[in-house]
Structure formats: C-alpha cells, structure tokens
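K.L.:
Provided below: my_file_9.txt, containing compact mmCIF, C-alpha atoms.
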# COMPACT_ATOMS: atom_id res chain seq x y z
CA MET X 1 -5.56 -32.72 5.00
CA ALA X 2 -6.26 -29.56 6.94
CA ALA X 3 -3.33 -27.40 7.87
CA LYS X 4 -3.11 -25.28 11.00
CA TYR X 5 -1.30 -21.94 10.91
CA THR X 6 0.24 -20.18 13.88
CA TRP X 7 1.26 -16.54 13.33
CA SER X 8 3.87 -14.38 15.06
CA LYS X 9 5.40 -10.92 14.72
CA PRO X 10 2.54 -9.42 12.68
CA THR X 11 3.07 -5.89 11.35
CA LYS X 12 1.06 -3.57 9.13
CA HIS X 13 2.32 -0.51 7.33
CA ALA X 14 1.15 1.87 4.64
CA PHE X 15 3.19 2.48 1.52
CA LEU X 16 3.18 4.77 -1.50
CA ALA X 17 1.79 2.83 -4.46
CA GLY X 18 1.56 5.50 -7.17
CA VAL X 19 2.15 9.15 -8.05
CA SER X 20 1.10 11.38 -10.90
CA GLU X 21 2.84 14.14 -12.77
CA PRO X 22 1.81 17.57 -11.46
CA HIS X 23 -1.46 18.96 -12.85
CA VAL X 24 -1.25 22.75 -13.12
CA LEU X 25 -4.69 24.37 -12.82
CA GLY X 26 -5.25 28.10 -13.32
CA LYS X 27 -7.70 30.52 -11.74
CA GLY X 28 -10.96 28.82 -10.82
CA GLY X 29 -9.42 25.33 -10.71
CA GLY X 30 -10.54 22.68 -13.10
CA GLY X 31 -10.55 18.97 -13.69
CA PHE X 32 -8.25 16.13 -14.64
CA THR X 33 -8.36 12.35 -14.83
CA ASP X 34 -6.57 9.77 -12.73
CA ALA X 35 -2.99 9.57 -13.90
CA ALA X 36 -1.15 8.09 -10.92
CA GLU X 37 1.50 5.68 -12.18
CA PRO X 38 2.59 2.76 -10.00
CA VAL X 39 5.88 3.09 -8.14
CA PRO X 40 7.92 0.22 -6.71
CA HIS X 41 6.44 -1.08 -3.46
CA PRO X 42 5.99 -4.34 -1.55
CA LYS X 43 4.59 -7.37 -3.34
CA ALA X 44 2.58 -10.22 -1.91
CA LYS X 45 4.96 -13.13 -1.31
CA VAL X 46 5.59 -16.21 0.79
CA THR X 47 9.00 -17.59 1.72
CA VAL X 48 9.55 -20.95 3.40
CA GLU X 49 12.56 -20.94 5.70
CA GLN X 50 12.24 -24.46 7.07
CA GLY X 51 10.29 -27.58 6.18
CA PRO X 52 8.35 -28.62 3.10
CA ASP X 53 7.03 -26.14 0.55
CA VAL X 54 3.56 -24.72 1.04
CA ASP X 55 0.86 -23.44 -1.30
CA PRO X 56 1.67 -19.67 -1.34
CA ALA X 57 -1.89 -18.65 -2.25
CA ALA X 58 -3.27 -20.66 0.69
CA VAL X 59 -0.80 -19.01 3.07
CA VAL X 60 -1.79 -15.53 1.85
CA ARG X 61 -5.50 -16.41 2.29
CA LYS X 62 -4.78 -17.57 5.86
CA LEU X 63 -2.81 -14.37 6.51
CA GLU X 64 -5.76 -12.34 5.24
CA ALA X 65 -8.14 -14.17 7.62
CA TYR X 66 -5.74 -13.73 10.53
CA SER X 67 -4.94 -10.07 9.95
CA ASP X 68 -8.34 -8.58 9.00
CA LEU X 69 -6.68 -7.03 5.93
CA LYS X 70 -8.62 -7.66 2.74
CA ILE X 71 -5.76 -8.74 0.49
CA LEU X 72 -6.73 -7.84 -3.04
CA TYR X 73 -3.73 -8.88 -5.09
CA GLY X 74 -2.15 -12.21 -5.81
CA LEU X 75 1.42 -13.26 -5.31
CA GLY X 76 3.86 -11.09 -7.23
CA GLU X 77 1.26 -8.53 -8.30
CA ILE X 78 1.96 -4.88 -7.59
CA GLU X 79 -1.39 -3.54 -8.72
CA PRO X 80 -3.59 -5.04 -11.39
CA GLY X 81 -5.13 -2.79 -14.02
CA ARG X 82 -8.72 -1.73 -13.65
CA SER X 83 -10.79 -4.58 -14.98
CA ASP X 84 -13.89 -2.44 -15.48
CA GLY X 85 -12.15 0.12 -17.74
CA SER X 86 -13.21 2.99 -15.48
CA VAL X 87 -11.30 6.27 -15.29
CA LEU X 88 -11.53 8.45 -12.21
CA SER X 89 -12.01 12.18 -12.72
CA TYR X 90 -11.27 14.94 -10.23
CA THR X 91 -12.44 18.55 -10.03
CA MET X 92 -10.48 20.98 -7.91
CA PRO X 93 -12.12 24.31 -6.98
CA ALA X 94 -9.01 26.51 -6.97
CA ALA X 95 -5.82 27.19 -8.86
CA GLY X 96 -2.87 25.08 -7.82
CA VAL X 97 -0.35 22.42 -8.75
CA TYR X 98 -2.01 19.12 -7.90
CA VAL X 99 -0.53 15.65 -7.65
CA GLN X 100 -2.32 12.40 -7.09
CA LEU X 101 -0.99 9.84 -4.66
CA LYS X 102 -2.10 6.20 -4.32
CA PHE X 103 -1.55 4.27 -1.13
CA GLY X 104 -1.49 0.66 -0.09
CA GLN X 105 -1.15 -1.37 3.03
CA ALA X 106 1.06 -4.39 3.65
CA VAL X 107 0.64 -6.97 6.36
CA GLU X 108 3.54 -9.26 7.22
CA ALA X 109 3.91 -12.11 9.66
CA ASP X 110 5.99 -15.18 10.37
CA PHE X 111 4.06 -18.43 10.17
CA ARG X 112 4.28 -22.02 11.31
CA ARG X 113 2.18 -24.54 9.39
CA THR X 114 1.43 -27.94 10.88
CA CYS X 115 -0.47 -30.89 9.45
CA ARG X 116 -1.59 -34.25 10.81
CA GLY X 117 -0.27 -37.48 9.48
CA GLY X 118 3.43 -37.09 10.11
CA VAL X 119 4.02 -34.21 7.68
CA ALA X 120 6.87 -32.05 8.92
CA PRO X 121 5.94 -28.49 9.95
CA SER X 122 6.88 -25.54 7.76
CA ARG X 123 8.09 -22.15 8.98
CA GLY X 124 8.31 -19.03 6.93
CA HIS X 125 7.26 -15.44 6.30
CA ALA X 126 4.25 -14.08 4.40
CA VAL X 127 3.43 -10.65 2.99
CA GLY X 128 -0.01 -9.59 1.75
CA ILE X 129 -0.86 -6.24 0.17
CA ARG X 130 -3.75 -4.12 -1.00
CA VAL X 131 -3.81 -0.80 -2.81
CA TYR X 132 -6.77 1.00 -1.30
CA GLY X 133 -7.07 4.59 -2.32
CA GLY X 134 -5.36 7.87 -2.59
CA SER X 135 -5.27 11.56 -2.13
CA THR X 136 -4.92 14.68 -4.22
CA VAL X 137 -2.40 17.15 -2.80
CA ASP X 138 -1.85 20.79 -3.80
CA CYS X 139 1.91 21.38 -4.05
CA THR X 140 1.33 25.12 -3.50
CA GLU X 141 -0.02 24.53 0.03
CA ALA X 142 2.08 24.30 3.18
CA PRO X 143 2.77 20.72 4.34
CA GLU X 144 0.39 20.91 7.30
CA VAL X 145 -2.41 21.93 4.93
CA ALA X 146 -1.40 19.15 2.54
CA THR X 147 -2.95 16.57 4.86
CA TRP X 148 -0.59 15.11 7.40
CA HIS X 149 -3.55 14.55 9.73
CA ASP X 150 -3.55 10.77 9.84
CA LYS X 151 -2.36 9.05 13.02
CA ASP X 152 -0.81 6.19 11.03
CA ARG X 153 2.84 7.27 10.91
CA SER X 154 3.56 4.99 7.95
CA LEU X 155 0.78 6.68 5.96
CA VAL X 156 2.15 10.11 6.88
CA GLU X 157 5.60 9.04 5.65
CA ALA X 158 4.12 7.55 2.45
CA SER X 159 2.35 10.88 1.83
CA ARG X 160 5.55 12.82 2.35
CA GLN X 161 7.42 10.44 0.03
CA GLY X 162 4.78 11.06 -2.65
CA VAL X 163 5.04 14.83 -2.30
CA ARG X 164 8.86 14.66 -2.49
CA THR X 165 8.58 12.47 -5.59
CA ALA X 166 5.89 14.40 -7.49
CA CYS X 167 5.85 18.07 -6.47
CA PRO X 168 8.13 20.46 -8.38
CA THR X 169 11.32 21.67 -6.68
CA GLY X 170 10.60 24.67 -4.46
CA SER X 171 6.93 23.76 -3.82
CA ARG X 172 5.49 24.87 -0.48
CA ALA X 173 4.25 21.33 0.18
CA LEU X 174 7.87 20.18 0.37
CA GLY X 175 8.34 22.34 3.46
CA LYS X 176 11.79 23.21 4.70
CA SER X 177 14.26 20.44 4.01
Now that the file is in, can you turn its structure into structure tokens?

P.N.:
Amino acid sequence: MAAKYTWSKPTKHAFLAGVSEPHVLGKGGGGFTDAAEPVPHPKAKVTVEQGPDVDPAAVVRKLEAYSDLKILYGLGEIEPGRSDGSVLSYTMPAAGVYVQLKFGQAVEADFRRTCRGGVAPSRGHAVGIRVYGGSTVDCTEAPEVATWHDKDRSLVEASRQGVRTACPTGSRALGKS
C-alpha cells in the first residue's frame, strides 16, 4: 500500500565531517595526499514519536525527494570508505601549514505518514546526510584569507570549527580569540 508523507519544519545545515593533521610545506610548497579523518557529526536516522513503526530507509528516501538533498549515506553511517580505492592528492604552490577539512550537509524534518486501509498514521522526525567535499586551509593565513566567503552561516561555522580543531596553537587562521 502506498504511503503519503507530509513534511514540516525542514532545516538544512552544514557540518564539519573531517579534519587532517597539519601538513607543513616549506619554500615552494609541495604536495600531500588526502588525510582528513572523520570527526563526530550527525548521522542519518529516523525516529517515530507516535503510531506504528515505519521503514526508516523509505522515510529517508522520501526526505531526499522532498528536500532536494542527494542523501548519500544510509541510516547510521557517518561516512563510508571510498569504494573505488582512490586517494586524492593536493599540490600547494607556497610554503605554509595546511589542513584539510571535509564538510557535509544535514537535512531534518518532522514527518506524518498516512496510509489507506485503516492503518494508523505515524509521526516522527527524519535526518538525512551527505558528505560532499572539502577545503584546504593555510593556517598561516589570516582568517579572512582562509575562506570565510560562503553565505551559508553553518558552513562558515563548520570551517571555523575545523580550523580551531586542526591548526596549531597561535596560527594566524585562528584569529583573535
């Protein structure tokens, strides 16, 4: 039987998904490989607050269709490993202390699921996530140079959290605290 979902209170926010140890590059810059390690962040999940249980994977698929967010990870996954075995490499043109940051986006909404045939409705909350990319930041640069240009305030805060987590104490990118 086909279920109908009604959504309310949708929100989207960026989050920090991974950080690397600092890569110190001397005069002329150099290269390094992707070393960002996952950090705790939201997981895809579904909670039912009222009514019969629902298929969590179906709810997340419906949330994806509703929200226009391509949800890439299943319930409970933080970030799956690369299935193709690829390793990303970076080349930086100048000396500096570089850190890699990975970002994700979460979409959350309350739902109401109804079905025909006398099945009681279900109400609950769903969270879907995707880890979508990252940035390389030079800890020796001032914060405004270290890319706080995005209009998404949650992405700006995730970037700042990554710099606070990964850059060495006293780095210019930390700014004045």

K.L.:
Counting all atoms listed in the file, what is within 7 Å of Val60 of chain X, bar same-chain residues fewer than 3 positions away, as a PDB file with C-alpha atoms, in the frame of the given file?

P.N.:
ATOM      1  CA  PRO X  56       1.670 -19.670  -1.340  1.00  0.00           C
ATOM      2  CA  ALA X  57      -1.890 -18.650  -2.250  1.00  0.00           C
ATOM      3  CA  LEU X  63      -2.810 -14.370   6.510  1.00  0.00           C
ATOM      4  CA  GLU X  64      -5.760 -12.340   5.240  1.00  0.00           C
ATOM      5  CA  ALA X 126       4.250 -14.080   4.400  1.00  0.00           C
ATOM      6  CA  GLY X 128      -0.010  -9.590   1.750  1.00  0.00           C
TER       7      GLY X 128
END

K.L.:
May I have the residues at most 12 Å from (14.2, -18.2, 7.1) in the file's coordinates, counting all atoms listed in the file, as a list in words?

P.N.:
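It turns out the residues near that spot are Val46, Thr47, Val48, Glu49, Gln50, Gly51, Asp110, Phe111, Arg112, Ser122, Arg123, Gly124, His125 and Ala126 of chain X.
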
K.L.:
Fewer than 2 positions away in the same chain doesn't count, so skip those; otherwise give me all residues within 9 Å of segment 13-17 of chain X, counting only C-alpha atoms, as an MDAnalysis selection string.

P.N.:
chainID X and resid 11 19 36:42 78:79 101:108 131 134 152:159 161:162

K.L.:
In Å to one decimal, how far is atom CA of Gly18 of chain X from atom CA of Ser67 of chain X?

P.N.:
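Interatomic distance here is 24.0 Å.
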
K.L.:
What is the distance, in Å and to one decimal place, between atom CA of Tyr66 of chain X and atom CA of Thr114 of chain X?

P.N.:
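Pair atom CA of Tyr66 of chain X / atom CA of Thr114 of chain X returns 15.9 Å.
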
K.L.:
Have a look at X:His23, X:Ala166, X:Ala142, X:Ala3 and name the one nearest to Ala120 of chain X; count all atoms listed in the file.

P.N.:
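Ranking X:His23, X:Ala166, X:Ala142, X:Ala3 by distance to Ala120 of chain X, first place goes to X:Ala3.
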
K.L.:
Quick one: residues within 12 Å of Val163 of chain X, only C-alpha atoms, excluding same-chain residues fewer than 6 positions away - as an MDAnalysis selection string?

P.N.:
chainID X and resid 16 18:22 97:102 135:143 146:148 156:157 169:175

K.L.:
Where's the centre, and what are the edge lengths in Å to one decimal, of a box along x, y and z enclosing all listed atoms of segment 152-163 of chain X padded 4 Å per side, as JSON?

P.N.:
{"center_x": 3.3, "center_y": 9.9, "center_z": 4.2, "size_x": 16.2, "size_y": 17.8, "size_z": 21.7}

K.L.:
Using only C-alpha atoms, pick whichever of X:Pro168, X:Pro121, X:Gly26, X:Gly31 has the shortest atom-to-atom distance to Lys4 of chain X.

P.N.:
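Smallest distance to Lys4 of chain X is found for X:Pro121.
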
K.L.:
Just how far from atom CA of Gly133 of chain X is atom CA of Arg160 of chain X, in Å to one decimal?

P.N.:
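Those two atoms sit 15.8 Å apart.
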
K.L.:
So which one's closest to Ser8 of chain X, X:Ala109, X:Met92, X:Val59, X:Ala65? Using all atoms listed in the file, please.

P.N.:
X:Ala109
